[in-house]
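Enquirer: So I've got this file, query_0.txt, and it contains compact mmCIF, C-alpha atoms:
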```txt
# COMPACT_ATOMS: atom_id res chain seq x y z
CA MET A 1 0.00 0.00 0.00
CA LEU A 2 2.85 2.36 0.86
CA ILE A 3 4.35 1.84 -2.59
CA TYR A 4 1.06 2.86 -4.25
CA VAL A 5 0.88 5.97 -2.07
CA ILE A 6 4.43 6.95 -2.99
CA ILE A 7 3.73 6.38 -6.71
CA GLY A 8 0.51 8.40 -6.46
CA VAL A 9 2.29 11.29 -4.73
CA PHE A 10 5.09 11.15 -7.30
CA ILE A 11 2.66 11.21 -10.27
CA THR A 12 0.65 14.01 -8.67
CA THR A 13 3.82 16.05 -8.09
CA ILE A 14 4.95 15.55 -11.69
CA ALA A 15 1.51 16.56 -12.98
CA LEU A 16 1.46 19.71 -10.81
CA VAL A 17 4.95 20.68 -11.91
CA ALA A 18 4.07 20.09 -15.57
CA PHE A 19 0.83 22.03 -15.15
CA ARG A 20 2.71 24.90 -13.56
CA ARG A 21 5.30 24.86 -16.31
CA LEU A 22 2.52 25.37 -18.86
CA HIS A 23 1.62 28.70 -17.28
CA PRO A 24 3.18 31.84 -18.81
CA ARG A 25 6.50 32.92 -17.34
CA PRO A 26 6.73 36.72 -17.63
CA TYR A 27 10.05 38.56 -17.68
CA PRO A 28 10.65 40.52 -14.46
CA GLY A 29 10.29 44.30 -14.50
CA ILE A 30 8.15 44.58 -17.66
CA PRO A 31 4.38 45.21 -17.31
CA TYR A 32 2.00 42.37 -18.15
CA ASN A 33 -1.61 41.36 -17.58
CA ALA A 34 -1.69 39.66 -14.17
CA ALA A 35 -4.87 37.71 -14.99
CA SER A 36 -3.24 36.28 -18.13
CA ALA A 37 -0.25 35.08 -16.09
CA ASN A 38 -2.58 32.87 -14.02
CA ARG A 39 -3.97 30.90 -16.97
CA ILE A 40 -2.27 28.52 -19.35
CA ALA A 41 -3.48 30.31 -22.50
CA GLY A 42 -1.92 33.62 -21.41
CA ASP A 43 -3.10 36.63 -23.45
CA ILE A 44 -4.43 34.54 -26.35
CA PRO A 45 -8.08 34.55 -25.12
CA ASN A 46 -7.91 38.37 -24.99
CA LEU A 47 -6.39 38.59 -28.45
CA ILE A 48 -8.73 36.33 -30.45
CA PRO A 49 -11.93 38.45 -30.18
CA VAL A 50 -10.02 41.64 -31.06
CA VAL A 51 -8.50 39.98 -34.14
CA ARG A 52 -11.93 38.75 -35.21
CA GLU A 53 -13.39 42.23 -34.82
CA THR A 54 -10.62 44.14 -36.59
CA ASN A 55 -9.26 41.40 -38.91
CA GLU A 56 -5.80 42.80 -38.15
CA PHE A 57 -3.15 41.08 -36.05
CA SER A 58 -0.45 43.65 -35.28
CA HIS A 59 -2.77 46.39 -34.03
CA SER A 60 -4.70 43.82 -31.96
CA ILE A 61 -1.55 42.90 -30.04
CA PHE A 62 -1.05 46.55 -29.11
CA THR A 63 -4.71 46.73 -28.04
CA VAL A 64 -4.43 43.89 -25.50
CA THR A 65 -0.97 44.84 -24.18
CA THR A 66 0.42 48.39 -24.20
CA GLN A 67 -2.94 50.11 -24.71
CA GLU A 68 -4.74 47.92 -22.16
CA LEU A 69 -2.01 48.44 -19.56
CA GLY A 70 -1.34 52.10 -20.40
CA SER A 71 2.38 51.45 -20.78
CA PRO A 72 4.73 52.09 -23.75
CA ILE A 73 6.25 48.63 -23.18
CA ALA A 74 4.49 45.43 -22.18
CA GLN A 75 4.55 41.66 -22.54
CA PHE A 76 2.22 39.48 -24.57
CA LEU A 77 2.04 36.20 -22.67
CA PHE A 78 2.01 32.83 -24.39
CA PRO A 79 1.72 29.40 -22.74
CA GLY A 80 4.90 28.43 -20.90
CA ILE A 81 6.24 26.47 -23.86
CA ARG A 82 7.01 29.81 -25.51
CA LYS A 83 8.67 32.94 -24.19
CA PRO A 84 6.63 36.16 -23.89
CA LEU A 85 6.65 38.67 -26.74
CA ILE A 86 7.89 42.15 -25.81
CA ILE A 87 5.67 44.87 -27.29
CA LEU A 88 7.16 48.35 -27.69
CA GLU A 89 4.92 51.28 -28.59
CA ASP A 90 7.29 54.22 -28.35
CA PRO A 91 8.22 55.80 -31.73
CA ARG A 92 11.51 57.28 -30.52
CA GLU A 93 12.72 54.01 -29.01
CA VAL A 94 11.64 52.06 -32.07
CA GLU A 95 13.55 54.48 -34.31
CA ASP A 96 16.62 54.21 -32.08
CA ILE A 97 16.58 50.41 -32.28
CA LEU A 98 16.05 50.31 -36.03
CA VAL A 99 18.52 53.05 -36.95
CA ARG A 100 21.27 52.90 -34.31
CA ARG A 101 21.01 49.62 -32.42
CA ASN A 102 19.81 47.16 -35.04
CA LYS A 103 22.89 44.96 -34.54
CA GLU A 104 21.88 44.39 -30.91
CA PHE A 105 18.60 42.74 -31.89
CA ASP A 106 17.92 39.73 -34.09
CA LYS A 107 14.69 39.05 -35.96
CA ALA A 108 11.56 38.55 -33.89
CA PRO A 109 10.50 34.90 -33.50
CA MET A 110 7.03 35.85 -34.74
CA VAL A 111 8.50 37.03 -38.06
CA ILE A 112 10.44 33.78 -38.38
CA ASP A 113 7.30 31.78 -37.54
CA VAL A 114 5.22 33.51 -40.21
CA LEU A 115 7.74 33.51 -43.07
CA SER A 116 10.04 30.51 -42.58
CA PRO A 117 7.51 27.85 -43.64
CA MET A 118 7.14 29.59 -47.01
CA PHE A 119 10.68 30.90 -47.53
CA PRO A 120 12.98 28.78 -45.31
CA LYS A 121 16.19 29.89 -47.03
CA GLY A 122 15.30 33.58 -47.39
CA SER A 123 17.37 36.00 -45.31
CA ILE A 124 14.24 37.44 -43.67
CA SER A 125 13.31 33.94 -42.43
CA GLN A 126 16.58 33.15 -40.66
CA TYR A 127 18.30 34.20 -37.47
CA THR A 128 21.71 35.83 -37.89
CA THR A 129 24.50 33.31 -38.49
CA PRO A 130 27.84 33.43 -40.33
CA GLU A 131 26.16 31.63 -43.24
CA LEU A 132 23.39 34.23 -43.36
CA ARG A 133 25.92 37.08 -43.30
CA LEU A 134 27.63 35.50 -46.31
CA GLN A 135 24.28 35.15 -48.08
CA LYS A 136 23.36 38.78 -47.40
CA ARG A 137 26.77 40.01 -48.53
CA VAL A 138 26.00 38.81 -52.07
CA TRP A 139 22.96 41.11 -52.08
CA ALA A 140 24.67 44.00 -50.30
CA ASP A 141 24.97 46.31 -53.32
CA VAL A 142 21.45 45.99 -54.77
CA MET A 143 20.39 49.06 -52.78
CA ASN A 144 23.55 51.00 -53.58
CA ALA A 145 22.68 54.49 -54.83
CA GLU A 146 24.85 54.18 -57.94
CA PHE A 147 23.32 50.82 -58.91
CA LEU A 148 19.79 52.14 -58.37
CA ARG A 149 20.56 55.19 -60.51
CA LYS A 150 22.06 53.15 -63.32
CA ALA A 151 19.88 50.02 -63.40
CA VAL A 152 16.60 50.88 -61.68
CA ALA A 153 15.95 54.56 -62.41
CA PRO A 154 15.67 54.08 -66.21
CA ASN A 155 13.01 51.41 -65.67
CA ILE A 156 11.09 53.73 -63.34
CA HIS A 157 11.25 56.44 -65.99
CA LYS A 158 10.03 54.07 -68.71
CA ALA A 159 7.17 52.72 -66.57
CA THR A 160 6.13 56.27 -65.66
CA LEU A 161 5.95 57.29 -69.32
CA GLU A 162 3.85 54.20 -70.13
CA LEU A 163 1.55 55.00 -67.20
CA LEU A 164 1.09 58.57 -68.41
CA THR A 165 0.34 57.29 -71.92
CA LEU A 166 -2.31 54.96 -70.50
CA TRP A 167 -3.92 57.72 -68.43
CA ARG A 168 -3.87 60.14 -71.35
CA LEU A 169 -5.55 57.53 -73.51
CA LYS A 170 -8.18 56.77 -70.88
CA ALA A 171 -8.87 60.42 -70.12
CA THR A 172 -9.32 61.52 -73.74
CA THR A 173 -11.08 58.50 -75.26
CA VAL A 174 -12.61 56.17 -72.68
CA TYR A 175 -13.73 58.51 -69.89
CA LYS A 176 -14.00 61.72 -71.96
CA ASN A 177 -12.14 63.86 -69.42
CA GLN A 178 -14.21 62.47 -66.50
CA PRO A 179 -12.59 61.22 -63.27
CA PHE A 180 -11.57 57.55 -63.17
CA ASN A 181 -9.96 55.20 -60.67
CA VAL A 182 -6.20 54.81 -61.14
CA LEU A 183 -5.37 52.48 -58.21
CA ASP A 184 -5.02 49.32 -60.30
CA ASP A 185 -2.95 51.21 -62.88
CA LEU A 186 -0.53 52.31 -60.15
CA LYS A 187 -0.24 48.76 -58.82
CA ASN A 188 0.42 47.43 -62.31
CA ALA A 189 3.09 50.05 -62.91
CA ALA A 190 4.71 49.26 -59.56
CA LEU A 191 4.91 45.57 -60.47
CA ASP A 192 6.32 46.48 -63.90
CA VAL A 193 9.06 48.55 -62.24
CA ILE A 194 10.01 46.20 -59.43
CA TRP A 195 9.97 42.97 -61.44
CA VAL A 196 12.17 44.33 -64.22
CA ALA A 197 14.50 45.87 -61.62
CA VAL A 198 14.86 42.54 -59.85
CA VAL A 199 15.05 40.01 -62.69
CA GLY A 200 15.49 42.11 -65.85
CA ASP A 201 12.37 40.88 -67.67
CA GLU A 202 9.41 43.16 -68.30
CA PRO A 203 5.95 41.99 -67.11
CA GLY A 204 4.34 44.34 -69.66
CA ILE A 205 1.03 44.85 -67.85
CA THR A 206 0.72 48.60 -68.54
CA ARG A 207 1.70 48.15 -72.18
CA TYR A 208 -0.93 45.41 -72.50
CA GLU A 209 -3.62 47.75 -71.13
CA ILE A 210 -2.59 50.44 -73.64
CA GLU A 211 -2.82 48.04 -76.58
CA LYS A 212 -6.13 46.69 -75.31
CA ILE A 213 -7.71 50.16 -75.28
CA LYS A 214 -6.32 50.97 -78.73
CA ARG A 215 -7.86 47.81 -80.18
CA GLN A 216 -11.16 48.54 -78.47
CA LEU A 217 -11.21 51.99 -80.04
CA LYS A 218 -10.60 50.43 -83.46
CA GLY A 219 -13.42 47.94 -82.86
CA ASP A 220 -10.97 45.09 -83.24
CA GLN A 221 -12.74 42.60 -80.96
CA ARG A 222 -11.00 39.63 -82.55
CA GLY A 223 -7.66 41.31 -82.01
CA ILE A 224 -8.48 41.77 -78.33
CA GLU A 225 -9.36 38.10 -77.96
CA ASP A 226 -6.22 37.04 -79.79
CA GLN A 227 -3.99 39.39 -77.82
CA LYS A 228 -1.63 37.26 -75.76
CA LEU A 229 -1.78 37.93 -72.02
CA PRO A 230 1.53 39.25 -70.72
CA ARG A 231 3.44 37.26 -68.14
CA GLY A 232 2.83 40.08 -65.69
CA ILE A 233 -0.85 39.11 -65.40
CA PHE A 234 0.11 35.69 -64.09
CA ILE A 235 2.85 37.06 -61.85
CA LYS A 236 0.41 39.58 -60.38
CA ALA A 237 -2.07 36.80 -59.51
CA GLU A 238 0.64 34.91 -57.63
CA VAL A 239 1.82 38.07 -55.86
CA ILE A 240 -1.73 38.76 -54.67
CA TYR A 241 -2.11 35.15 -53.49
CA VAL A 242 1.06 35.05 -51.40
CA THR A 243 0.30 38.42 -49.81
CA GLU A 244 -3.21 37.39 -48.85
CA ALA A 245 -2.02 34.00 -47.57
CA ILE A 246 0.57 35.58 -45.28
CA ALA A 247 -1.91 38.17 -44.01
CA ARG A 248 -4.64 35.57 -43.47
CA ASN A 249 -2.44 33.08 -41.62
CA SER A 250 -0.82 35.82 -39.54
CA ASN A 251 -4.23 36.55 -38.03
CA THR A 252 -4.59 33.05 -36.62
CA PRO A 253 -3.68 32.09 -33.03
CA VAL A 254 -0.86 29.84 -34.33
CA PRO A 255 0.59 31.58 -37.44
CA LYS A 256 3.51 29.16 -37.73
CA TRP A 257 1.32 26.08 -38.13
CA ALA A 258 -1.21 27.91 -40.29
CA GLN A 259 1.61 28.86 -42.66
CA LYS A 260 3.03 25.35 -42.53
CA LEU A 261 -0.33 23.89 -43.54
CA GLU A 262 -0.57 26.48 -46.34
CA THR A 263 2.57 25.04 -47.92
CA TYR A 264 0.78 21.71 -48.39
CA THR A 265 -2.09 23.20 -50.37
CA SER A 266 -2.39 22.88 -54.16
CA ARG A 267 -2.64 26.68 -54.42
CA TYR A 268 0.74 27.16 -52.74
CA ARG A 269 2.32 24.48 -54.94
CA ARG A 270 0.96 26.30 -57.98
CA PHE A 271 2.40 29.59 -56.71
CA LYS A 272 5.83 28.08 -56.15
CA SER A 273 5.79 26.30 -59.51
CA ILE A 274 4.89 29.43 -61.50
CA ILE A 275 7.27 31.76 -59.68
CA THR A 276 10.13 29.25 -59.71
CA ALA A 277 9.70 28.87 -63.46
CA GLU A 278 9.68 32.65 -63.97
CA ILE A 279 12.72 33.22 -61.77
CA SER A 280 14.59 30.29 -63.31
CA THR A 281 14.00 31.74 -66.78
CA ALA A 282 15.30 35.11 -65.59
CA MET A 283 18.38 33.43 -64.09
CA LYS A 284 19.13 31.60 -67.34
CA ASN A 285 18.81 34.86 -69.27
CA ALA A 286 21.21 36.54 -66.84
CA VAL A 287 23.72 33.72 -67.25
CA ASP A 288 23.43 34.02 -71.03
CA ARG A 289 24.15 37.74 -70.78
CA PHE A 290 27.32 36.99 -68.82
CA GLN A 291 28.46 34.41 -71.35
CA ARG A 292 28.12 37.01 -74.12
CA ILE A 293 30.36 39.49 -72.32
CA GLN A 294 33.09 37.15 -71.10
CA THR A 295 35.68 39.03 -73.12
CA ARG A 296 35.01 42.13 -70.98
CA GLY A 297 35.57 40.24 -67.73
CA PHE A 298 33.23 39.59 -64.84
CA ASP A 299 34.66 42.30 -62.65
CA THR A 300 32.96 45.04 -64.62
CA SER A 301 29.63 46.31 -63.39
CA ASP A 302 28.66 47.79 -66.75
CA ALA A 303 26.66 44.67 -67.60
CA ASP A 304 24.45 44.84 -64.48
CA THR A 305 21.02 45.61 -65.89
CA CYS A 306 19.09 44.30 -62.87
CA MET A 307 19.58 42.94 -59.36
CA MET A 308 19.84 39.40 -60.70
CA ASP A 309 22.80 40.39 -62.90
CA LEU A 310 24.58 41.97 -59.96
CA VAL A 311 24.03 39.00 -57.65
CA LEU A 312 25.11 36.41 -60.23
CA ARG A 313 28.21 38.43 -61.11
CA ARG A 314 29.23 38.60 -57.46
CA ARG A 315 28.65 34.88 -57.04
CA ILE A 316 30.87 34.17 -60.04
CA ILE A 317 33.60 36.50 -58.78
CA GLU A 318 33.61 34.90 -55.31
CA ALA A 319 33.69 31.39 -56.83
CA LYS A 320 36.67 32.31 -59.05
CA ARG A 321 38.52 33.82 -56.07
CA ALA A 322 37.89 30.62 -54.09
CA GLY A 323 39.17 28.52 -57.01
CA ARG A 324 35.90 26.64 -57.57
CA LEU A 325 33.18 26.51 -60.16
CA PRO A 326 30.09 28.59 -59.38
CA SER A 327 27.02 26.55 -58.44
CA ASP A 328 24.01 26.37 -60.74
CA PRO A 329 21.86 29.37 -59.71
CA VAL A 330 18.65 27.66 -60.86
CA LYS A 331 19.22 24.94 -58.24
CA ASP A 332 20.32 27.29 -55.46
CA GLN A 333 17.42 27.32 -52.95
CA ASN A 334 18.96 30.27 -51.06
CA LEU A 335 18.83 32.36 -54.20
CA LEU A 336 15.33 31.21 -55.14
CA ASP A 337 13.93 31.91 -51.68
CA GLU A 338 15.58 35.32 -51.64
CA MET A 339 13.75 36.08 -54.86
CA PHE A 340 10.50 34.83 -53.29
CA VAL A 341 11.10 37.28 -50.45
CA MET A 342 11.50 40.01 -53.04
CA LEU A 343 8.01 39.12 -54.22
CA VAL A 344 6.69 39.67 -50.71
CA ALA A 345 8.36 43.09 -50.76
CA VAL A 346 6.64 43.76 -54.10
CA SER A 347 3.35 42.74 -52.53
CA GLU A 348 3.82 45.04 -49.56
CA SER A 349 4.77 47.94 -51.82
CA MET A 350 1.65 47.37 -53.91
CA SER A 351 -0.64 46.98 -50.88
CA HIS A 352 0.34 50.41 -49.57
CA LEU A 353 -0.54 52.21 -52.80
```
Represent the supplied structure as structure tokens.

Expert:
Amino acid sequence: MLIYVIIGVFITTIALVAFRRLHPRPYPGIPYNAASANRIAGDIPNLIPVVRETNEFSHSIFTVTTQELGSPIAQFLFPGIRKPLIILEDPREVEDILVRRNKEFDKAPMVIDVLSPMFPKGSISQYTTPELRLQKRVWADVMNAEFLRKAVAPNIHKATLELLTLWRLKATTVYKNQPFNVLDDLKNAALDVIWVAVVGDEPGITRYEIEKIKRQLKGDQRGIEDQKLPRGIFIKAEVIYVTEAIARNSNTPVPKWAQKLETYTSRYRRFKSIITAEISTAMKNAVDRFQRIQTRGFDTSDADTCMMDLVLRRRIIEAKRAGRLPSDPVKDQNLLDEMFVMLVAVSESMSHL
């Protein structure tokens, strides 16, 4: 009988300890909701109804933490299997961290949770490591002012002229100088600019809309039906999908698993297949451009017409310095995922228009 009592006490103790370990464990000295600390679910029950009401995740977290507690800094409590999330709602401190102290902070786990299932090898989906620093170094110059002026600015100028042509055509012939909505035109132009700047190939959406209106004015209905859809139409559909998928899954209580399940859907497989094919084609074109200018040497930047050219050139230079053959870019998952991340950036740029 004594043995059974001892076993019962032991099992009860283990269960109590495990139960206690499931409760949130707040960091000392940072405000938090005391009621949430006394339940296993933490702040999640407070968050869910706010997310459902607003359909927005980030603002909802501020609502149930800093705004509820009246403090510029607070903790969002998860079950004990996960550390609390520190919420900072002080513009000056946020600016200081981002501008002057960014090396002191790594990426937030929530960002990793949301993006890593979709883009596991993208730089935005990884914590800082020596391998990641090497990966980012290859992309270091794509935001260099000189490169943007030489390779990106001309494409912006060209897309702007096409957009003005489209608006002039709409204003004088379709809408007869009446107001019309230009939001979709701006989004199409933004995709035209960013895609050609990244991979060097033109989506051609704005040009397609111009030709479509011209054929309508001529009454050429057969010509409209026969007009081949530009690749930009298909790229835009995939960009919209991935943006909506990330936003939708981010608003769930467990974004990481929602995103993971998304990657098993046929829609995600279609997205990855289409975009991989488009990016692979762009990579092959970039490699072909390099092969045509071998006599000029790979150290020259004159041949960089887009970000892809610059990145591939740097990869080739580093491989030659290391005395090895450069890897096949089409099979490099790091490079492919980095391009996928660029698509997310395109999506965010378009969503704010």

Enquirer: So, counting all atoms listed in the file, which residue among A:Thr129, A:Ser266, A:Met308, A:Ala245 is closest to Asp141 of chain A?

Expert: A:Met308

Enquirer: Once you count only C-alpha atoms, which residues end up no further than 12 Å from (4.1, 34.1, -16.5) in the file's frame, shown as an MDAnalysis selection string?

Expert: chainID A and resid 20:28 30:43 75:85

Enquirer: Using the selection just defined, write its residues with C-alpha atoms as a compact mmCIF listing (two decimals), in the frame of the given file.

Expert:
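File produced: result.txt:
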```txt
# COMPACT_ATOMS: atom_id res chain seq x y z
CA ARG A 20 2.71 24.90 -13.56
CA ARG A 21 5.30 24.86 -16.31
CA LEU A 22 2.52 25.37 -18.86
CA HIS A 23 1.62 28.70 -17.28
CA PRO A 24 3.18 31.84 -18.81
CA ARG A 25 6.50 32.92 -17.34
CA PRO A 26 6.73 36.72 -17.63
CA TYR A 27 10.05 38.56 -17.68
CA PRO A 28 10.65 40.52 -14.46
CA ILE A 30 8.15 44.58 -17.66
CA PRO A 31 4.38 45.21 -17.31
CA TYR A 32 2.00 42.37 -18.15
CA ASN A 33 -1.61 41.36 -17.58
CA ALA A 34 -1.69 39.66 -14.17
CA ALA A 35 -4.87 37.71 -14.99
CA SER A 36 -3.24 36.28 -18.13
CA ALA A 37 -0.25 35.08 -16.09
CA ASN A 38 -2.58 32.87 -14.02
CA ARG A 39 -3.97 30.90 -16.97
CA ILE A 40 -2.27 28.52 -19.35
CA ALA A 41 -3.48 30.31 -22.50
CA GLY A 42 -1.92 33.62 -21.41
CA ASP A 43 -3.10 36.63 -23.45
CA GLN A 75 4.55 41.66 -22.54
CA PHE A 76 2.22 39.48 -24.57
CA LEU A 77 2.04 36.20 -22.67
CA PHE A 78 2.01 32.83 -24.39
CA PRO A 79 1.72 29.40 -22.74
CA GLY A 80 4.90 28.43 -20.90
CA ILE A 81 6.24 26.47 -23.86
CA ARG A 82 7.01 29.81 -25.51
CA LYS A 83 8.67 32.94 -24.19
CA PRO A 84 6.63 36.16 -23.89
CA LEU A 85 6.65 38.67 -26.74
```

Enquirer: For a cut-off of 10 Å around (-0.8, 39.1, -67.6), file coordinates, pick out all residues using all atoms listed in the file and list them as a PDB file with C-alpha atoms, keeping the file's coordinate frame.

Expert:
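File written: selection_11.pdb
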```pdb
ATOM      1  CA  ASN A 188       0.420  47.430 -62.310  1.00  0.00           C
ATOM      2  CA  PRO A 203       5.950  41.990 -67.110  1.00  0.00           C
ATOM      3  CA  GLY A 204       4.340  44.340 -69.660  1.00  0.00           C
ATOM      4  CA  ILE A 205       1.030  44.850 -67.850  1.00  0.00           C
ATOM      5  CA  THR A 206       0.720  48.600 -68.540  1.00  0.00           C
ATOM      6  CA  TYR A 208      -0.930  45.410 -72.500  1.00  0.00           C
ATOM      7  CA  GLU A 209      -3.620  47.750 -71.130  1.00  0.00           C
ATOM      8  CA  LYS A 228      -1.630  37.260 -75.760  1.00  0.00           C
ATOM      9  CA  LEU A 229      -1.780  37.930 -72.020  1.00  0.00           C
ATOM     10  CA  PRO A 230       1.530  39.250 -70.720  1.00  0.00           C
ATOM     11  CA  ARG A 231       3.440  37.260 -68.140  1.00  0.00           C
ATOM     12  CA  GLY A 232       2.830  40.080 -65.690  1.00  0.00           C
ATOM     13  CA  ILE A 233      -0.850  39.110 -65.400  1.00  0.00           C
ATOM     14  CA  PHE A 234       0.110  35.690 -64.090  1.00  0.00           C
ATOM     15  CA  ILE A 235       2.850  37.060 -61.850  1.00  0.00           C
ATOM     16  CA  LYS A 236       0.410  39.580 -60.380  1.00  0.00           C
ATOM     17  CA  ALA A 237      -2.070  36.800 -59.510  1.00  0.00           C
TER      18      ALA A 237
END
```

Enquirer: Any idea what the distance is between atom CA of Arg315 of chain A and atom CA of Val138 of chain A?

Expert: 6.9 Å

Enquirer: Work out how far atom CA of Tyr241 of chain A is from atom CA of Leu164 of chain A, in Å to one decimal.

Expert: 28.0 Å

Enquirer: Just the residues within 10 Å of Val142 of chain A, please, counting only C-alpha atoms, with nothing from its chain fewer than 6 positions along; format it as a JSON list (two decimals) with C-alpha atoms, keeping the file's coordinate frame.

Expert:
```json
[["chain", "number", "residue", "atom", "x", "y", "z"],
["A", 148, "LEU", "CA", 19.79, 52.14, -58.37],
["A", 151, "ALA", "CA", 19.88, 50.02, -63.40],
["A", 152, "VAL", "CA", 16.60, 50.88, -61.68],
["A", 197, "ALA", "CA", 14.50, 45.87, -61.62],
["A", 198, "VAL", "CA", 14.86, 42.54, -59.85],
["A", 306, "CYS", "CA", 19.09, 44.30, -62.87],
["A", 307, "MET", "CA", 19.58, 42.94, -59.36],
["A", 308, "MET", "CA", 19.84, 39.40, -60.70],
["A", 309, "ASP", "CA", 22.80, 40.39, -62.90],
["A", 310, "LEU", "CA", 24.58, 41.97, -59.96],
["A", 311, "VAL", "CA", 24.03, 39.00, -57.65]]
```

Enquirer: How many Å separate atom CA of Thr63 of chain A from atom CA of Asn46 of chain A?

Expert: 9.5 Å

Enquirer: At a cut-off of 9 Å, using only C-alpha atoms, what residues contact segment 338-340 of chain A? Leave out same-chain residues fewer than 2 positions from it and give the result as a ChimeraX atom specification.

Expert: /A:118-119,121-124,198-199,272,275-276,279,333-336,342-345

Enquirer: Here is a test: counting all atoms listed in the file, which residue of A:Leu88, A:Ile112, A:Met283, A:Ile246 is nearest to Arg313 of chain A?

Expert: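 Between A:Leu88, A:Ile112, A:Met283, A:Ile246, the residue approaching Arg313 of chain A most closely is A:Met283.
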
Enquirer: Given 3 Å on each side, where is the centre and what are the edge lengths in Å to one decimal of the axis-aligned box enclosing the listed atoms of segment 92-97 of chain A, as AutoDock Vina command-line options?

Expert:
```
--center_x 14.1 --center_y 53.8 --center_z -31.7 --size_x 11.1 --size_y 12.9 --size_z 11.3
```

Enquirer: Can you tell me which residues surround segment 174-180 of chain A at a distance of at most 10 Å, considering all atoms listed in the file, apart from same-chain residues fewer than 5 positions away, and format the answer as a list in words?

Expert: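 Here the answer would be Trp167, Arg168, Leu169, Ile213, Gln216 and Leu217 of chain A.
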
Enquirer: Counting all atoms listed in the file, figure out which residue out of A:Thr172, A:Pro120, A:Thr128, A:Lys331 gets nearest to Ala108 of chain A.

Expert: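 Going through A:Thr172, A:Pro120, A:Thr128, A:Lys331 one by one, the smallest distance to Ala108 of chain A is for A:Thr128.
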
Enquirer: Have a look at A:Leu191, A:Thr305, A:Val287, A:Ser280 and name the one nearest to Pro326 of chain A; count all atoms listed in the file.

Expert: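 Among A:Leu191, A:Thr305, A:Val287, A:Ser280, it is A:Val287 that comes nearest to Pro326 of chain A.
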
Enquirer: Select, from A:Ala145, A:Val50, A:Leu312, A:Ile317, the residue with the minimum atom-to-atom distance to Lys284 of chain A, counting all atoms listed in the file.

Expert: A:Leu312
